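Only one structure is covered here, and it is reproduced in the block below.
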Protein chains: 2
Amino acid sequence: MAERGRRGRPRSAEADAAIVAAATELLLRHGYGGLSMEEVAERAAVAKTTLYRRWPTKDHLAVAVVARLQEDDEITDTGDIRKDLTDYMEKVAGGLNRMRAAGRRPGEDSTSAGTVAELVAASGRHDDIAELRGRLYARRNALARELIERARRRGDLRADLDSEVLLDQLAGALYYRVLITGTPVDRAYAERLVAAALDGAL
Amino acid sequence: MAERGRRGRPRSAEADAAIVAAATELLLRHGYGGLSMEEVAERAAVAKTTLYRRWPTKDHLAVAVVARLQEDDEITDTGDIRKDLTDYMEKVAGGLNRMRAAGRRPGEDSTSAGTVAELVAASGRHDDIAELRGRLYARRNALARELIERARRRGDLRADLDSEVLLDQLAGALYYRVLITGTPVDRAYAERLVAAALDGAL
DNA sequence: CTATTTACGGTACGAGCGTTGCGTAAATGA
DNA sequence: TCATTTACGCAACGCTCGTACCGTAAATAG
């Protein structure tokens, strides 16, 4: 049986599930450094070679785990561009904060970006991960851009708007705070951010 | 002789210089992954323990190397806030691009952030590095904020300006492009960025 | 039923980070 | 001069990532 046309012994779905479960548990509880391939193999009751048959490196496994945790946030368009952008920023911030919380024991290491930074670094180490992440961001970006475009056509935004830079500013500020400054981001900050971007500094 | 009050054998300044030189060479030529502690020790003609006596981890050594490479860019105030901010952004981008180029052979891995991302991750792994970087950014941030504050008092910027968010937007967009998007940043982009931040989207 | 193909488990290994222990070298203080 | 203190070189080790090899298990093709 198995998949039509596939020869040989099929991959074990149980192993898949057990590995991902163990890896998720370790990553969330002990952070990126606490995610040990040998520990995952032992907890999943699987040989280490079985891990590497599915994911070529620990980075790839970690990316797979985090990708599974990120529900793809839809963008809502209520017609109020200020509210829509703020909601969108809040969703992005939520994803960041969720990763940011991984592997942190209370009181310890309270300002670092931990897992988020490790995943960014993983993109730098492996071209295929960078490509994957690029596609994800391109898709999300395209959605947000449509939102902006509609608002612009309604006349709610200036006609000569640089939507690429606008999105860089918005998302960039969030990532900058989480990754570089180490400050958490909440809805209040998202509101200030959107206000600044819309109203300008002059 | 040696330092007044210091007992025992003094640290070798030659060793210091040789280590930093070897580490810089390796980091720039082969990137973060190509920076091997044992290779550094061998090239510097020094025992590995001598490295670890000075820097507790490879991350710390790498940070020291990069910090030495970053000339501290002064912020100039010509009275034209648009120009001053653009110049400042260009300097920040220059530092990023310099690190971004490290360890990349032509044609290979052309979109990643490499060393920049690894250093951000290093901040997440070690509290003392995060603190050090925090101080550096706070200092730089304070200078930029003074620049903005002066412009605001001149009446060149709106009175109710959120200068914290403005700087997050500007620097954030640069880091976002380099780290997440993988796009290089140049003066033209800095101009678009400042224009968008000053003029607003409405 | 048999041959082929692919997955699995287990072990061993190389490479790199970081640590430990020990004998030796270079400085200071009495 | 001699004890003390700190740095150095060297070798060995434990840990983790990732790879190689091998015998075995589970599927398909004929």
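Chain identifiers are assigned as A, B, and so on, following the order in which chains appear in the structure tokens; residues are numbered from 1 within each chain, and ligands are numbered from 1 in order of appearance.
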
Quick one: everything within 12 Å of segment 17-28 of chain C, counting only C-alpha atoms (C1' of nucleotides), minus sequence neighbours fewer than 3 positions away in the same chain. Send it as a JSON list (two decimals) with C-alpha atoms (C1' of nucleotides), in the first residue's frame.
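File produced: around_9.json:
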```json
[["chain", "number", "residue", "atom", "x", "y", "z"],
["B", 1, "MET", "CA", 57.50, 46.77, 37.17],
["B", 2, "ALA", "CA", 54.24, 46.24, 35.35],
["B", 3, "GLU", "CA", 51.09, 47.88, 36.56],
["B", 4, "ARG", "CA", 51.32, 49.45, 39.98],
["B", 5, "GLY", "CA", 49.90, 47.18, 42.61],
["B", 6, "ARG", "CA", 49.43, 44.21, 40.27],
["B", 7, "ARG", "CA", 51.09, 41.04, 41.46],
["B", 8, "GLY", "CA", 52.20, 38.05, 39.47],
["B", 9, "ARG", "CA", 53.11, 37.61, 35.82],
["B", 10, "PRO", "CA", 51.44, 40.20, 33.59],
["B", 11, "ARG", "CA", 49.35, 39.30, 30.57],
["B", 12, "SER", "CA", 51.20, 39.28, 27.31],
["B", 35, "LEU", "CA", 36.03, 31.42, 13.34],
["B", 36, "SER", "CA", 37.46, 28.45, 15.21],
["B", 37, "MET", "CA", 39.01, 28.90, 18.62],
["B", 38, "GLU", "CA", 41.62, 26.25, 17.95],
["B", 48, "LYS", "CA", 43.81, 27.65, 23.78],
["B", 49, "THR", "CA", 43.69, 28.32, 27.51],
["B", 51, "LEU", "CA", 42.22, 32.60, 24.71],
["B", 52, "TYR", "CA", 39.73, 31.52, 27.33],
["B", 53, "ARG", "CA", 41.59, 33.42, 30.03],
["B", 55, "TRP", "CA", 37.35, 35.83, 26.59],
["B", 56, "PRO", "CA", 35.06, 33.32, 28.28],
["B", 57, "THR", "CA", 33.45, 32.15, 25.02],
["B", 58, "LYS", "CA", 33.85, 32.38, 21.28],
["B", 59, "ASP", "CA", 30.89, 34.77, 21.26],
["D", 2, "DC", "C1'", 62.78, 33.09, 48.55],
["D", 3, "DA", "C1'", 57.74, 32.74, 48.91],
["D", 4, "DT", "C1'", 53.66, 34.23, 46.58],
["D", 5, "DT", "C1'", 50.86, 35.37, 42.82],
["D", 6, "DT", "C1'", 49.42, 35.33, 38.28],
["D", 7, "DA", "C1'", 50.08, 33.90, 33.32],
["D", 8, "DC", "C1'", 51.41, 30.46, 30.07],
["D", 9, "DG", "C1'", 51.69, 25.98, 27.44],
["D", 10, "DC", "C1'", 50.18, 21.43, 27.02],
["D", 11, "DA", "C1'", 47.41, 17.40, 27.22],
["D", 12, "DA", "C1'", 43.31, 15.19, 28.33],
["D", 13, "DC", "C1'", 38.50, 15.20, 28.80],
["D", 14, "DG", "C1'", 33.18, 15.72, 28.40],
["D", 15, "DC", "C1'", 29.56, 17.49, 25.55],
["D", 16, "DT", "C1'", 27.04, 18.28, 21.28],
["D", 17, "DC", "C1'", 26.50, 18.34, 16.26]]
```

Exercise for review: Would you kindly report the residues of chain C within 7 Å of chain A, using only C-alpha atoms (C1' of nucleotides), as a ChimeraX atom specification?
Suggested key: /C:5-7,9

Exercise for review: Tell me, as a list in words, which residues lie within 7 Å of segment 163-173 of chain A, counting only C-alpha atoms (C1' of nucleotides); anything in the same chain fewer than 3 positions away does not count.
Suggested key: Arg145, Tyr176, Arg177 and Leu193 of chain A; Asp168, Gln169, Leu170, Gly172, Ala173, Tyr175, Tyr176, Leu193 and Ala196 of chain B

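Residues from chain D that have an atom within 7 Å of chain A, counting only C-alpha atoms (C1' of nucleotides), are D:DA26, D:DA27, D:DT28.
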
Can you write out as a Markdown table which residues of chain B fall within 6 Å of chain A, alongside each residue's closest atom pair and its distance in Å to one decimal, counting only C-alpha atoms and ordering rows by chain and ascending residue number?
```
| residue | atom | partner | partner_atom | distance |
| --- | --- | --- | --- | --- |
| B:Ser112 | CA | A:Gly124 | CA | 4.7 |
| B:Ala113 | CA | A:Gly124 | CA | 5.5 |
| B:Gly114 | CA | A:Gly124 | CA | 4.7 |
| B:Ala117 | CA | A:Ala121 | CA | 4.7 |
| B:Glu118 | CA | A:Ala121 | CA | 5.3 |
| B:Ala121 | CA | A:Ala117 | CA | 4.7 |
| B:Gly124 | CA | A:Gly114 | CA | 4.7 |
| B:Leu157 | CA | A:Leu202 | CA | 4.5 |
| B:Arg158 | CA | A:Leu202 | CA | 5.1 |
| B:Asp168 | CA | A:Ala173 | CA | 4.9 |
| B:Gln169 | CA | A:Ala173 | CA | 4.8 |
| B:Gly172 | CA | A:Gly172 | CA | 4.2 |
| B:Ala173 | CA | A:Gly172 | CA | 4.4 |
| B:Tyr176 | CA | A:Gly172 | CA | 4.7 |
| B:Ala197 | CA | A:Gly200 | CA | 5.5 |
| B:Leu198 | CA | A:Ala201 | CA | 4.4 |
| B:Asp199 | CA | A:Gly200 | CA | 4.7 |
| B:Gly200 | CA | A:Gly200 | CA | 3.3 |
| B:Ala201 | CA | A:Leu198 | CA | 4.4 |
| B:Leu202 | CA | A:Leu157 | CA | 4.5 |
```

Check your understanding: Taking the backbone alone, and naming residues the way the document does, which bits of chain B are alpha helix (DSSP H) by DSSP, as a ChimeraX atom specification?
Key -> /B:13-30,37-43,48-54,58-69,81-100,115-125,127-154,163-175,187-199

Could you take the residues named above and write them with C-alpha atoms, as a CSV table (one decimal), in the first residue's frame?
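Wrote it out as out.csv, contents follow:
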```
chain,number,residue,atom,x,y,z
B,13,ALA,CA,50.3,42.2,25.1
B,14,GLU,CA,51.8,40.4,22.1
B,15,ALA,CA,49.4,37.5,22.7
B,16,ASP,CA,46.5,39.9,22.9
B,17,ALA,CA,47.4,41.5,19.6
B,18,ALA,CA,48.1,38.2,17.9
B,19,ILE,CA,44.8,36.7,19.0
B,20,VAL,CA,42.7,39.6,17.9
B,21,ALA,CA,44.5,39.8,14.6
B,22,ALA,CA,44.0,36.1,13.9
B,23,ALA,CA,40.4,36.2,15.0
B,24,THR,CA,39.7,39.3,12.8
B,25,GLU,CA,41.2,37.6,9.8
B,26,LEU,CA,39.2,34.5,10.3
B,27,LEU,CA,36.0,36.2,11.0
B,28,LEU,CA,36.2,38.6,8.0
B,29,ARG,CA,37.4,35.9,5.6
B,30,HIS,CA,35.3,32.9,6.7
B,37,MET,CA,39.0,28.9,18.6
B,38,GLU,CA,41.6,26.2,18.0
B,39,GLU,CA,42.5,27.8,14.6
B,40,VAL,CA,42.9,31.2,16.3
B,41,ALA,CA,45.1,29.7,19.0
B,42,GLU,CA,47.3,28.0,16.4
B,43,ARG,CA,47.6,31.1,14.2
B,48,LYS,CA,43.8,27.7,23.8
B,49,THR,CA,43.7,28.3,27.5
B,50,THR,CA,45.2,31.7,26.9
B,51,LEU,CA,42.2,32.6,24.7
B,52,TYR,CA,39.7,31.5,27.3
B,53,ARG,CA,41.6,33.4,30.0
B,54,ARG,CA,40.7,36.6,28.1
B,58,LYS,CA,33.9,32.4,21.3
B,59,ASP,CA,30.9,34.8,21.3
B,60,HIS,CA,32.8,37.2,23.5
B,61,LEU,CA,35.8,37.1,21.3
B,62,ALA,CA,33.8,37.7,18.2
B,63,VAL,CA,32.0,40.7,19.9
B,64,ALA,CA,35.4,42.1,20.9
B,65,VAL,CA,36.6,41.8,17.3
B,66,VAL,CA,33.6,43.5,15.8
B,67,ALA,CA,33.5,46.2,18.4
B,68,ARG,CA,37.1,47.0,17.5
B,69,LEU,CA,36.2,47.3,13.8
B,81,ILE,CA,17.1,67.5,10.0
B,82,ARG,CA,16.3,65.6,6.9
B,83,LYS,CA,19.9,65.6,5.8
B,84,ASP,CA,21.2,64.9,9.3
B,85,LEU,CA,18.9,61.9,9.8
B,86,THR,CA,19.8,60.6,6.4
B,87,ASP,CA,23.5,60.8,7.1
B,88,TYR,CA,23.0,59.1,10.4
B,89,MET,CA,21.0,56.3,8.8
B,90,GLU,CA,23.6,55.9,6.1
B,91,LYS,CA,26.3,55.5,8.8
B,92,VAL,CA,24.2,52.8,10.6
B,93,ALA,CA,23.7,51.1,7.3
B,94,GLY,CA,27.4,51.2,6.6
B,95,GLY,CA,28.2,49.4,9.8
B,96,LEU,CA,25.6,46.8,9.0
B,97,ASN,CA,26.8,46.3,5.5
B,98,ARG,CA,30.4,46.0,6.6
B,99,MET,CA,29.4,43.1,9.0
B,100,ARG,CA,27.1,41.7,6.4
B,115,THR,CA,27.7,37.8,11.2
B,116,VAL,CA,25.1,40.4,12.2
B,117,ALA,CA,22.6,37.7,13.0
B,118,GLU,CA,25.2,35.7,14.9
B,119,LEU,CA,26.0,38.6,17.1
B,120,VAL,CA,22.4,39.3,17.8
B,121,ALA,CA,22.0,35.6,18.8
B,122,ALA,CA,25.1,35.9,20.9
B,123,SER,CA,23.3,38.7,22.9
B,124,GLY,CA,20.6,36.2,23.5
B,125,ARG,CA,23.0,33.6,24.8
B,127,ASP,CA,23.5,38.4,29.5
B,128,ASP,CA,26.8,40.4,29.7
B,129,ILE,CA,27.0,40.7,25.9
B,130,ALA,CA,23.4,41.9,25.9
B,131,GLU,CA,24.2,44.4,28.5
B,132,LEU,CA,27.2,45.7,26.6
B,133,ARG,CA,25.3,46.0,23.4
B,134,GLY,CA,22.5,47.7,25.3
B,135,ARG,CA,24.9,50.3,26.6
B,136,LEU,CA,26.3,50.9,23.1
B,137,TYR,CA,22.8,51.3,21.6
B,138,ALA,CA,21.7,53.5,24.5
B,139,ARG,CA,24.6,55.9,23.9
B,140,ARG,CA,24.0,56.0,20.2
B,141,ASN,CA,20.3,56.4,20.7
B,142,ALA,CA,20.8,59.3,23.1
B,143,LEU,CA,22.9,61.2,20.6
B,144,ALA,CA,20.3,60.7,17.9
B,145,ARG,CA,17.6,61.8,20.3
B,146,GLU,CA,19.4,65.0,21.1
B,147,LEU,CA,19.6,65.7,17.4
B,148,ILE,CA,15.8,65.2,17.1
B,149,GLU,CA,15.2,67.2,20.2
B,150,ARG,CA,17.1,70.2,18.8
B,151,ALA,CA,15.2,70.1,15.6
B,152,ARG,CA,11.9,69.9,17.5
B,153,ARG,CA,12.8,72.9,19.5
B,154,ARG,CA,13.6,74.8,16.3
B,163,SER,CA,11.0,60.5,19.3
B,164,GLU,CA,11.4,57.0,20.7
B,165,VAL,CA,9.2,55.4,18.1
B,166,LEU,CA,10.7,57.6,15.4
B,167,LEU,CA,14.2,56.1,16.1
B,168,ASP,CA,12.8,52.6,16.3
B,169,GLN,CA,11.2,53.1,12.9
B,170,LEU,CA,14.4,54.4,11.3
B,171,ALA,CA,16.9,52.0,12.8
B,172,GLY,CA,14.4,49.2,12.8
B,173,ALA,CA,13.7,49.4,9.1
B,174,LEU,CA,17.5,49.1,8.4
B,175,TYR,CA,18.0,46.1,10.6
B,187,ARG,CA,21.9,55.9,0.7
B,188,ALA,CA,18.9,55.9,-1.6
B,189,TYR,CA,17.0,53.7,0.7
B,190,ALA,CA,18.0,55.8,3.7
B,191,GLU,CA,16.5,58.8,1.9
B,192,ARG,CA,13.3,57.1,1.2
B,193,LEU,CA,13.2,56.0,4.8
B,194,VAL,CA,13.7,59.4,6.3
B,195,ALA,CA,11.2,60.9,3.8
B,196,ALA,CA,8.6,58.4,4.8
B,197,ALA,CA,9.2,58.9,8.5
B,198,LEU,CA,9.1,62.7,8.3
B,199,ASP,CA,6.2,63.1,5.9
```

Study note, to complete from the structure: Here atom CA of Gln70 of chain B and atom CA of Ala45 of chain B stand apart by 26.2 Å

Can you tell me, as a PDB file with N, CA and C atoms (P, O5', C5', C4', C3', O3' and C1' of nucleotides), in the first residue's frame, what residues are no more than 12 Å from DG30 of chain D when counting only C-alpha atoms (C1' of nucleotides), ignoring any on the same chain fewer than 4 positions away?
```pdb
ATOM      1  P    DC C   1       5.925 -17.580   0.365  1.00  0.00           P
ATOM      2  O5'  DC C   1       7.162 -18.320  -0.250  1.00  0.00           O
ATOM      3  C5'  DC C   1       6.949 -18.923  -1.567  1.00  0.00           C
ATOM      4  C4'  DC C   1       8.044 -18.468  -2.487  1.00  0.00           C
ATOM      5  C3'  DC C   1       9.269 -17.890  -1.782  1.00  0.00           C
ATOM      6  O3'  DC C   1      10.433 -18.284  -2.502  1.00  0.00           O
ATOM      7  C1'  DC C   1       8.347 -16.251  -3.218  1.00  0.00           C
ATOM      8  P    DT C   2      11.889 -18.008  -1.913  1.00  0.00           P
ATOM      9  O5'  DT C   2      12.404 -16.791  -2.794  1.00  0.00           O
ATOM     10  C5'  DT C   2      12.301 -16.869  -4.215  1.00  0.00           C
ATOM     11  C4'  DT C   2      12.827 -15.596  -4.839  1.00  0.00           C
ATOM     12  C3'  DT C   2      13.995 -14.939  -4.101  1.00  0.00           C
ATOM     13  O3'  DT C   2      14.939 -14.481  -5.067  1.00  0.00           O
ATOM     14  C1'  DT C   2      12.260 -13.370  -4.343  1.00  0.00           C
ATOM     15  P    DA C   3      16.323 -13.934  -4.608  1.00  0.00           P
ATOM     16  O5'  DA C   3      16.300 -12.482  -5.263  1.00  0.00           O
ATOM     17  C5'  DA C   3      15.842 -12.327  -6.598  1.00  0.00           C
ATOM     18  C4'  DA C   3      15.661 -10.842  -6.913  1.00  0.00           C
ATOM     19  C3'  DA C   3      16.786  -9.941  -6.394  1.00  0.00           C
ATOM     20  O3'  DA C   3      17.092  -8.952  -7.368  1.00  0.00           O
ATOM     21  C1'  DA C   3      14.715  -9.266  -5.465  1.00  0.00           C
ATOM     22  P    DT C   4      18.215  -7.849  -7.074  1.00  0.00           P
ATOM     23  O5'  DT C   4      17.355  -6.564  -6.693  1.00  0.00           O
ATOM     24  C5'  DT C   4      16.285  -6.166  -7.555  1.00  0.00           C
ATOM     25  C4'  DT C   4      15.563  -4.968  -6.971  1.00  0.00           C
ATOM     26  C3'  DT C   4      16.488  -3.879  -6.406  1.00  0.00           C
ATOM     27  O3'  DT C   4      16.074  -2.627  -6.918  1.00  0.00           O
ATOM     28  C1'  DT C   4      14.835  -4.464  -4.824  1.00  0.00           C
TER      29       DT C   4
END
```

Study note, to complete from the structure: Here atom C1' of DC8 of chain C and atom C1' of DT19 of chain D stand apart by 16.5 Å

Practice item. Name the residues in contact with DA12 of chain C at a cut-off of 12 Å, using only C-alpha atoms (C1' of nucleotides), excluding same-chain residues fewer than 6 positions from it; report them as an MDAnalysis selection string. Key: chainID D and resid 19:22
